[in-house]
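Asks: For reference, this is data-v2.cif, and it has mmCIF, C-alpha atoms.
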```cif
data_structure
loop_
_atom_site.label_atom_id
_atom_site.label_comp_id
_atom_site.auth_asym_id
_atom_site.auth_seq_id
_atom_site.Cartn_x
_atom_site.Cartn_y
_atom_site.Cartn_z
CA MET A 5 56.75 24.64 -77.80
CA THR A 6 60.32 25.74 -77.24
CA GLU A 7 59.25 29.36 -76.77
CA ASN A 8 57.26 28.32 -73.68
CA ASN A 9 59.09 28.00 -70.41
CA GLU A 10 56.39 25.89 -68.81
CA LYS A 11 57.91 22.42 -68.74
CA THR A 12 54.65 20.64 -68.26
CA LEU A 13 52.83 22.47 -71.05
CA VAL A 14 50.28 20.19 -72.69
CA HIS A 15 50.52 19.62 -76.44
CA PRO A 16 48.15 17.65 -78.72
CA ALA A 17 51.06 16.06 -80.59
CA PHE A 18 51.90 14.02 -77.50
CA MET A 19 48.36 12.77 -77.02
CA ARG A 20 48.36 11.85 -80.72
CA LEU A 21 51.43 9.68 -80.13
CA ALA A 22 49.57 7.87 -77.34
CA ILE A 23 46.49 7.46 -79.57
CA ASN A 24 48.55 6.11 -82.47
CA LYS A 25 50.31 3.70 -80.13
CA ALA A 26 46.96 2.46 -78.80
CA MET A 27 45.70 1.98 -82.38
CA GLU A 28 48.84 -0.05 -83.12
CA GLY A 29 48.03 -2.22 -80.09
CA VAL A 30 44.45 -2.76 -81.23
CA LYS A 31 45.70 -3.90 -84.66
CA ASN A 32 47.85 -6.43 -82.83
CA GLY A 33 44.98 -7.80 -80.73
CA GLN A 34 45.79 -5.87 -77.57
CA SER A 35 43.44 -3.85 -75.34
CA PRO A 36 42.60 -0.30 -76.52
CA PHE A 37 44.80 1.86 -74.32
CA GLY A 38 47.95 3.92 -74.93
CA ALA A 39 50.19 6.25 -72.93
CA CYS A 40 53.04 8.63 -73.63
CA ILE A 41 55.40 10.26 -71.10
CA THR A 42 57.07 13.57 -71.90
CA ARG A 43 59.39 16.04 -70.18
CA GLY A 44 59.37 19.48 -71.74
CA ASP A 45 59.63 18.95 -75.50
CA GLU A 46 61.03 15.46 -75.16
CA VAL A 47 59.18 12.18 -75.53
CA ILE A 48 60.52 9.83 -72.85
CA SER A 49 58.41 6.74 -73.50
CA CYS A 50 55.31 5.60 -75.36
CA ALA A 51 53.52 2.29 -74.89
CA HIS A 52 50.26 0.47 -75.46
CA ASN A 53 48.60 -2.08 -73.21
CA VAL A 54 50.22 -5.53 -73.59
CA VAL A 55 48.17 -7.57 -71.10
CA TRP A 56 47.53 -10.31 -73.67
CA ASP A 57 50.85 -10.16 -75.42
CA SER A 58 52.78 -10.54 -72.17
CA MET A 59 50.08 -12.54 -70.29
CA ASP A 60 50.47 -10.04 -67.46
CA ILE A 61 47.36 -8.42 -65.97
CA THR A 62 49.46 -5.48 -64.72
CA ALA A 63 50.78 -4.65 -68.21
CA HIS A 64 48.65 -1.55 -68.73
CA ALA A 65 49.94 1.15 -71.07
CA GLU A 66 50.74 3.58 -68.24
CA ILE A 67 52.62 0.96 -66.20
CA HIS A 68 54.76 0.12 -69.20
CA ALA A 69 55.37 3.76 -70.10
CA ILE A 70 56.43 4.49 -66.48
CA ARG A 71 58.67 1.41 -66.36
CA ASP A 72 60.32 2.39 -69.65
CA ALA A 73 60.76 6.01 -68.51
CA CYS A 74 62.41 4.92 -65.22
CA LYS A 75 64.84 2.73 -67.14
CA LYS A 76 65.59 5.38 -69.76
CA LEU A 77 66.23 8.14 -67.22
CA ASN A 78 67.79 5.75 -64.67
CA THR A 79 65.63 7.02 -61.83
CA VAL A 80 62.38 6.19 -60.05
CA ASP A 81 61.55 9.92 -59.80
CA LEU A 82 59.72 11.25 -62.85
CA SER A 83 59.07 14.73 -61.37
CA GLY A 84 58.40 17.27 -64.09
CA CYS A 85 57.06 14.64 -66.48
CA VAL A 86 53.59 14.62 -68.04
CA ILE A 87 51.76 11.40 -68.87
CA TYR A 88 49.24 11.39 -71.72
CA SER A 89 46.74 8.55 -71.39
CA THR A 90 44.16 7.80 -74.05
CA CYS A 91 41.85 6.80 -71.19
CA GLU A 92 41.74 8.08 -67.61
CA PRO A 93 44.22 5.87 -65.75
CA CYS A 94 42.65 3.13 -63.64
CA PRO A 95 43.42 3.37 -59.89
CA MET A 96 46.42 1.02 -60.38
CA CYS A 97 47.92 3.31 -63.00
CA PHE A 98 46.95 6.51 -61.18
CA SER A 99 48.77 5.23 -58.12
CA ALA A 100 51.80 4.28 -60.22
CA CYS A 101 51.86 7.88 -61.55
CA HIS A 102 51.74 9.13 -57.95
CA TRP A 103 54.59 6.83 -56.87
CA ALA A 104 56.63 8.01 -59.88
CA LYS A 105 56.01 11.66 -58.87
CA ILE A 106 54.71 12.45 -62.36
CA SER A 107 53.58 16.10 -62.36
CA LYS A 108 50.56 15.93 -64.62
CA ILE A 109 48.10 13.38 -66.01
CA VAL A 110 46.39 14.34 -69.29
CA CYS A 111 43.64 11.93 -70.34
CA GLY A 112 41.01 11.55 -73.05
CA ALA A 113 38.28 8.96 -72.43
CA ARG A 114 36.89 8.23 -68.95
CA ILE A 115 37.11 5.17 -66.71
CA GLU A 116 33.32 4.93 -67.14
CA ASP A 117 33.82 4.65 -70.92
CA ALA A 118 36.20 1.71 -70.48
CA LYS A 119 33.77 0.13 -68.04
CA LYS A 120 31.00 0.35 -70.67
CA LEU A 121 33.22 -1.69 -73.00
CA GLY A 122 33.12 -4.46 -70.40
CA PHE A 123 36.42 -4.05 -68.56
CA SER A 124 36.06 -4.70 -64.82
CA GLU A 125 37.19 -1.23 -63.83
CA LEU A 126 37.28 -0.12 -60.22
CA THR A 127 35.01 2.90 -60.44
CA VAL A 128 37.22 5.38 -58.62
CA SER A 129 38.03 8.48 -60.67
CA ASN A 130 41.46 10.10 -60.68
CA LYS A 131 40.01 13.15 -58.95
CA GLU A 132 38.66 10.96 -56.14
CA MET A 133 42.00 9.12 -55.85
CA LYS A 134 43.87 12.43 -55.72
CA GLN A 135 41.59 13.84 -53.05
CA SER A 136 41.23 10.81 -50.81
CA GLY A 137 44.88 9.77 -51.22
CA GLY A 138 46.40 13.21 -50.77
CA SER A 139 48.30 13.40 -54.06
CA SER A 140 49.65 16.62 -55.55
CA ILE A 141 49.45 15.33 -59.12
CA GLU A 142 47.67 17.64 -61.58
CA ILE A 143 44.85 16.16 -63.70
CA VAL A 144 43.60 17.35 -67.09
CA GLU A 145 40.52 15.41 -68.15
CA GLY A 146 38.66 15.04 -71.45
CA TYR A 147 41.65 16.06 -73.54
CA MET A 148 41.07 15.12 -77.21
CA ARG A 149 38.31 12.91 -75.95
CA ASP A 150 36.68 12.35 -79.36
CA GLU A 151 39.90 11.07 -80.91
CA ALA A 152 40.57 8.92 -77.85
CA MET A 153 37.09 7.39 -78.07
CA GLU A 154 37.81 6.38 -81.69
CA ILE A 155 40.26 3.79 -80.32
CA PHE A 156 37.40 2.08 -78.49
CA LYS A 157 35.28 2.03 -81.69
CA ARG A 158 38.15 0.49 -83.63
CA TRP A 159 38.64 -2.11 -80.90
CA GLN A 160 34.93 -3.02 -80.93
CA GLU A 161 35.16 -3.73 -84.67
CA GLN A 162 37.70 -6.47 -84.02
CA GLU A 163 36.57 -10.02 -84.66
CA LYS A 164 37.82 -11.28 -81.30
CA ILE A 165 36.98 -9.18 -78.22
CA ARG A 166 38.87 -10.15 -75.07
CA LEU A 167 38.01 -8.65 -71.71
CA TYR A 168 39.34 -8.84 -68.16
CA MET B 245 45.38 -27.98 -44.69
CA THR B 246 44.36 -30.78 -47.05
CA GLU B 247 41.53 -31.75 -44.75
CA ASN B 248 39.87 -28.42 -45.38
CA ASN B 249 37.82 -27.97 -48.51
CA GLU B 250 37.98 -24.19 -48.37
CA LYS B 251 40.39 -23.31 -51.15
CA THR B 252 41.09 -19.85 -49.87
CA LEU B 253 41.76 -20.93 -46.28
CA VAL B 254 44.37 -18.70 -44.67
CA HIS B 255 47.50 -20.31 -43.22
CA PRO B 256 50.36 -18.66 -41.28
CA ALA B 257 52.99 -20.65 -43.22
CA PHE B 258 52.19 -18.65 -46.34
CA MET B 259 52.48 -15.30 -44.58
CA ARG B 260 55.79 -16.51 -43.17
CA LEU B 261 57.04 -17.14 -46.71
CA ALA B 262 56.13 -13.55 -47.61
CA ILE B 263 57.86 -12.25 -44.46
CA ASN B 264 61.02 -14.27 -45.13
CA LYS B 265 61.07 -13.04 -48.72
CA ALA B 266 60.76 -9.43 -47.52
CA MET B 267 63.61 -9.98 -45.05
CA GLU B 268 65.73 -11.35 -47.91
CA GLY B 269 64.95 -8.16 -49.85
CA VAL B 270 65.95 -5.94 -46.93
CA LYS B 271 69.29 -7.77 -46.69
CA ASN B 272 69.81 -6.98 -50.36
CA GLY B 273 69.07 -3.27 -49.95
CA GLN B 274 65.51 -3.40 -51.21
CA SER B 275 62.37 -1.88 -49.68
CA PRO B 276 60.73 -3.84 -46.80
CA PHE B 277 57.78 -5.51 -48.49
CA GLY B 278 57.00 -9.09 -49.50
CA ALA B 279 54.09 -10.99 -51.04
CA CYS B 280 53.12 -14.59 -51.65
CA ILE B 281 50.31 -15.92 -53.86
CA THR B 282 48.73 -19.28 -53.13
CA ARG B 283 45.93 -21.45 -54.50
CA GLY B 284 44.70 -24.08 -52.11
CA ASP B 285 47.81 -25.72 -50.66
CA GLU B 286 50.04 -24.59 -53.50
CA VAL B 287 52.44 -21.64 -53.49
CA ILE B 288 52.17 -20.02 -56.91
CA SER B 289 54.63 -17.15 -56.48
CA CYS B 290 56.58 -15.28 -53.83
CA ALA B 291 58.40 -11.97 -54.34
CA HIS B 292 59.88 -9.00 -52.54
CA ASN B 293 59.89 -5.38 -53.66
CA VAL B 294 62.63 -4.74 -56.27
CA VAL B 295 62.10 -1.04 -56.98
CA TRP B 296 65.80 -0.30 -56.51
CA ASP B 297 67.16 -3.47 -57.99
CA SER B 298 65.18 -3.03 -61.21
CA MET B 299 65.01 0.79 -61.10
CA ASP B 300 61.28 0.48 -61.64
CA ILE B 301 58.90 2.39 -59.34
CA THR B 302 56.10 -0.10 -60.12
CA ALA B 303 58.15 -3.09 -58.95
CA HIS B 304 56.28 -3.61 -55.67
CA ALA B 305 56.20 -7.10 -54.19
CA GLU B 306 52.53 -7.68 -55.04
CA ILE B 307 52.94 -6.54 -58.66
CA HIS B 308 55.85 -8.95 -59.09
CA ALA B 309 54.03 -11.81 -57.40
CA ILE B 310 50.97 -11.23 -59.63
CA ARG B 311 53.12 -11.01 -62.77
CA ASP B 312 54.92 -14.23 -61.86
CA ALA B 313 51.65 -16.02 -61.05
CA CYS B 314 50.10 -14.99 -64.40
CA LYS B 315 53.13 -16.33 -66.24
CA LYS B 316 53.28 -19.53 -64.22
CA LEU B 317 49.56 -20.32 -64.67
CA ASN B 318 49.46 -18.87 -68.21
CA THR B 319 46.39 -16.77 -67.45
CA VAL B 320 45.48 -13.23 -66.38
CA ASP B 321 42.70 -14.63 -64.16
CA LEU B 322 43.88 -15.55 -60.66
CA SER B 323 40.40 -16.37 -59.30
CA GLY B 324 40.59 -18.60 -56.24
CA CYS B 325 44.05 -17.33 -55.32
CA VAL B 326 45.00 -15.67 -52.02
CA ILE B 327 47.71 -13.01 -51.79
CA TYR B 328 49.64 -12.63 -48.53
CA SER B 329 51.19 -9.18 -48.23
CA THR B 330 53.49 -8.25 -45.37
CA CYS B 331 51.96 -4.77 -45.57
CA GLU B 332 48.47 -3.73 -46.69
CA PRO B 333 48.79 -3.32 -50.48
CA CYS B 334 49.05 0.29 -51.68
CA PRO B 335 46.19 1.38 -53.99
CA MET B 336 48.32 0.42 -57.03
CA CYS B 337 48.75 -3.12 -55.73
CA PHE B 338 45.19 -3.41 -54.43
CA SER B 339 43.93 -2.48 -57.89
CA ALA B 340 46.29 -5.01 -59.49
CA CYS B 341 44.79 -7.69 -57.18
CA HIS B 342 41.32 -6.62 -58.31
CA TRP B 343 42.27 -6.78 -62.00
CA ALA B 344 43.75 -10.24 -61.42
CA LYS B 345 40.49 -11.37 -59.78
CA ILE B 346 42.41 -12.56 -56.71
CA SER B 347 39.86 -13.82 -54.16
CA LYS B 348 41.45 -12.71 -50.91
CA ILE B 349 44.06 -10.27 -49.62
CA VAL B 350 45.69 -11.18 -46.29
CA CYS B 351 47.94 -8.46 -44.90
CA GLY B 352 50.03 -7.70 -41.82
CA ALA B 353 51.18 -4.10 -41.34
CA ARG B 354 49.07 -1.11 -42.43
CA ILE B 355 49.54 1.50 -45.16
CA GLU B 356 49.79 4.01 -42.29
CA ASP B 357 52.77 2.06 -40.87
CA ALA B 358 54.60 2.28 -44.22
CA LYS B 359 53.77 5.97 -44.42
CA LYS B 360 55.36 6.49 -41.00
CA LEU B 361 58.60 5.02 -42.39
CA GLY B 362 58.60 7.85 -44.92
CA PHE B 363 57.16 6.23 -48.06
CA SER B 364 54.86 8.60 -49.98
CA GLU B 365 51.83 6.36 -49.66
CA LEU B 366 48.47 7.39 -51.01
CA THR B 367 46.43 7.15 -47.82
CA VAL B 368 43.53 5.11 -49.16
CA SER B 369 42.95 1.87 -47.28
CA ASN B 370 42.05 -1.40 -49.01
CA LYS B 371 38.62 -1.28 -47.40
CA GLU B 372 38.01 2.19 -48.84
CA MET B 373 39.22 1.05 -52.27
CA LYS B 374 36.99 -2.00 -52.14
CA GLN B 375 33.95 0.02 -51.17
CA SER B 376 34.37 3.01 -53.46
CA GLY B 377 35.59 0.91 -56.40
CA GLY B 378 33.01 -1.84 -56.11
CA SER B 379 35.38 -4.79 -55.74
CA SER B 380 34.33 -8.22 -54.48
CA ILE B 381 37.80 -9.03 -53.14
CA GLU B 382 37.89 -10.25 -49.53
CA ILE B 383 40.28 -8.50 -47.13
CA VAL B 384 41.88 -9.91 -43.95
CA GLU B 385 43.79 -7.21 -42.09
CA GLY B 386 46.33 -7.28 -39.28
CA TYR B 387 47.31 -10.89 -39.93
CA MET B 388 50.58 -11.70 -38.09
CA ARG B 389 51.04 -7.99 -37.75
CA ASP B 390 53.81 -8.16 -35.12
CA GLU B 391 56.00 -10.36 -37.29
CA ALA B 392 55.27 -8.21 -40.31
CA MET B 393 56.29 -5.07 -38.38
CA GLU B 394 59.64 -6.71 -37.59
CA ILE B 395 60.55 -6.29 -41.28
CA PHE B 396 60.25 -2.54 -40.91
CA LYS B 397 62.47 -2.56 -37.81
CA ARG B 398 65.11 -4.57 -39.63
CA TRP B 399 64.92 -2.17 -42.58
CA GLN B 400 65.35 0.86 -40.30
CA GLU B 401 68.56 -0.66 -38.92
CA GLN B 402 70.12 -0.56 -42.39
CA GLU B 403 72.93 1.91 -42.93
CA LYS B 404 71.44 3.32 -46.09
CA ILE B 405 67.73 4.14 -46.06
CA ARG B 406 66.21 4.89 -49.45
CA LEU B 407 62.68 6.23 -49.79
CA TYR B 408 60.32 7.09 -52.63
#
```
If you took the structure in this file and wrote it as structure tokens, what would it be?
Replies:
Amino acid sequence: MTENNEKTLVHPAFMRLAINKAMEGVKNGQSPFGACITRGDEVISCAHNVVWDSMDITAHAEIHAIRDACKKLNTVDLSGCVIYSTCEPCPMCFSACHWAKISKIVCGARIEDAKKLGFSELTVSNKEMKQSGGSSIEIVEGYMRDEAMEIFKRWQEQEKIRLY
Amino acid sequence: MTENNEKTLVHPAFMRLAINKAMEGVKNGQSPFGACITRGDEVISCAHNVVWDSMDITAHAEIHAIRDACKKLNTVDLSGCVIYSTCEPCPMCFSACHWAKISKIVCGARIEDAKKLGFSELTVSNKEMKQSGGSSIEIVEGYMRDEAMEIFKRWQEQEKIRLY
């Protein structure tokens, strides 16, 4: 990627990191979601959902990745960063991306897919949030969707399914 | 309040706790927002925004109050709880309330008021979020609005104004 000047170029390797992280979470009994934040060629942070592990309903993968990135870069302004989410960020996480001034959201599965699993998703898509909220964040949907959906299948095979 | 059987009865004393907490935050150089979570007569958690203190863009008052309440009650389900917010929760915080299954949001100032201060608010009201997202959360707006707006005035008098 170094030959490309576009800082927010999208690369499958980064989504794969988010997917692998989500799979790691599923193995550890967590919810099936992962996120990775990058800036240019650099991985800034990578996290999976830890709602159960931390007993914190706000501990979505994107929130944790944003929190980690802020701490690592010592700023609350993540302009120029891309976030890869295995699933379209819920409105909480979309709004966190907006607050953080992240430039681009790249996501695999859809909010509707997560809702089908039984999670009590607010059914507002990122595109709707962007339009009604007046955000300049760029959205790339359905990126490596098939691989992202595999996380959900793996999660459904678990003996103990926990929803919220 | 003990004479009232309604668990989610709204009481000004709880909003005052949120306002005082926000004022404490302003004195310490934080952003002018506070939140308090109650269940029946009991105060579960009370927090002010600590975005600057923790260098975490997600560290809004409501997020912290929800996180604290989950830890204190050892659950991610805050059904039956009321959250008092000095300002209408941003879409991130509204969605966090929904995920936490909080029963009622009681808020003072409006998202539009915070936007006027210069914060880069997504201009989606709680009522819009509730309707488009399909949330059952109850919303009480404009509660002790004048007192809540005082926090903003106090914040604007600070020597160093920091926005995001």
Asks: Please provide the set of residues having any atom within 9 Å of segment 328-330 of chain B, restricted to only C-alpha atoms, with same-chain residues fewer than 5 positions apart removed, written as a ChimeraX atom specification.
Replies: /B:254,258-263,266,276-282,305-306,348-354,387-389,391-393,395
Asks: Of the residues B:Asn264, B:Thr252, B:Asn272, B:Cys337, which is the one nearest to Glu394 of chain B, using all atoms listed in the file?
Replies: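 Looking only at the distances to Glu394 of chain B, the closest residue turns out to be B:Asn264.
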Asks: Distance atom CA of Ile87 of chain A-atom CA of Asp150 of chain A, one decimal place?
Replies: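 That distance, rounded to one decimal, is 18.4 Å.
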Asks: When you look at Gly273 of chain B with a cut-off of 10 Å (counting all atoms listed in the file), what residues show up, excluding the ones that are within fewer than 5 positions of it in the same chain? I need them as number ranges by chain.
Replies: B: 267-268, 294, 296-297, 399, 402-406
Asks: Would you mind telling me which residue in A:Leu77, A:Cys91, A:Ile115, A:Met59 lies nearest to chain B when using all atoms listed in the file?
Replies: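 Closest to chain B, using all atoms listed in the file: A:Met59.
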Asks: Output the residue selection produced by the PyMOL selection byres ((chain A and resi 142) around 9) on the file above, formatted as a short mmCIF file (atom, residue, chain, number, x, y, z; two decimals) with C-alpha atoms, keeping the file's coordinate frame.
Replies:
```cif
data_model
loop_
_atom_site.label_atom_id
_atom_site.label_comp_id
_atom_site.auth_asym_id
_atom_site.auth_seq_id
_atom_site.Cartn_x
_atom_site.Cartn_y
_atom_site.Cartn_z
CA ILE A 106 54.71 12.45 -62.36
CA SER A 107 53.58 16.10 -62.36
CA LYS A 108 50.56 15.93 -64.62
CA ILE A 109 48.10 13.38 -66.01
CA VAL A 110 46.39 14.34 -69.29
CA LYS A 134 43.87 12.43 -55.72
CA SER A 139 48.30 13.40 -54.06
CA SER A 140 49.65 16.62 -55.55
CA ILE A 141 49.45 15.33 -59.12
CA ILE A 143 44.85 16.16 -63.70
CA VAL A 144 43.60 17.35 -67.09
#
```
Asks: Using only C-alpha atoms, pick whichever of B:Val270, B:Leu407, B:Ile301, B:Ile310 has the shortest atom-to-atom distance to Ile288 of chain B.
Replies: B:Ile310
Asks: Written as a PyMOL selection string, what is the full residue list that the PyMOL selection byres ((chain B) within 10 of (chain A)) yields on the file shown?
Replies: chain B and resi 295-296+298-303+307-308+310-322+334-345+363-369+372-379+408
Asks: Could you work out how far atom CA of Val86 of chain A lies from atom CA of Asn130 of chain A, giving the answer in Å with one decimal?
Replies: 14.9 Å
Asks: What is the atom CA of Gln160 of chain A-atom CA of Lys25 of chain A distance in Å, reported with one decimal?
Replies: 16.8 Å
Asks: Identify which of the residues B:Lys371, B:Ser323, B:Ser275, B:Glu401 lies closest to Ala358 of chain B, counting all atoms listed in the file when measuring atom-to-atom distances.
Replies: B:Ser275
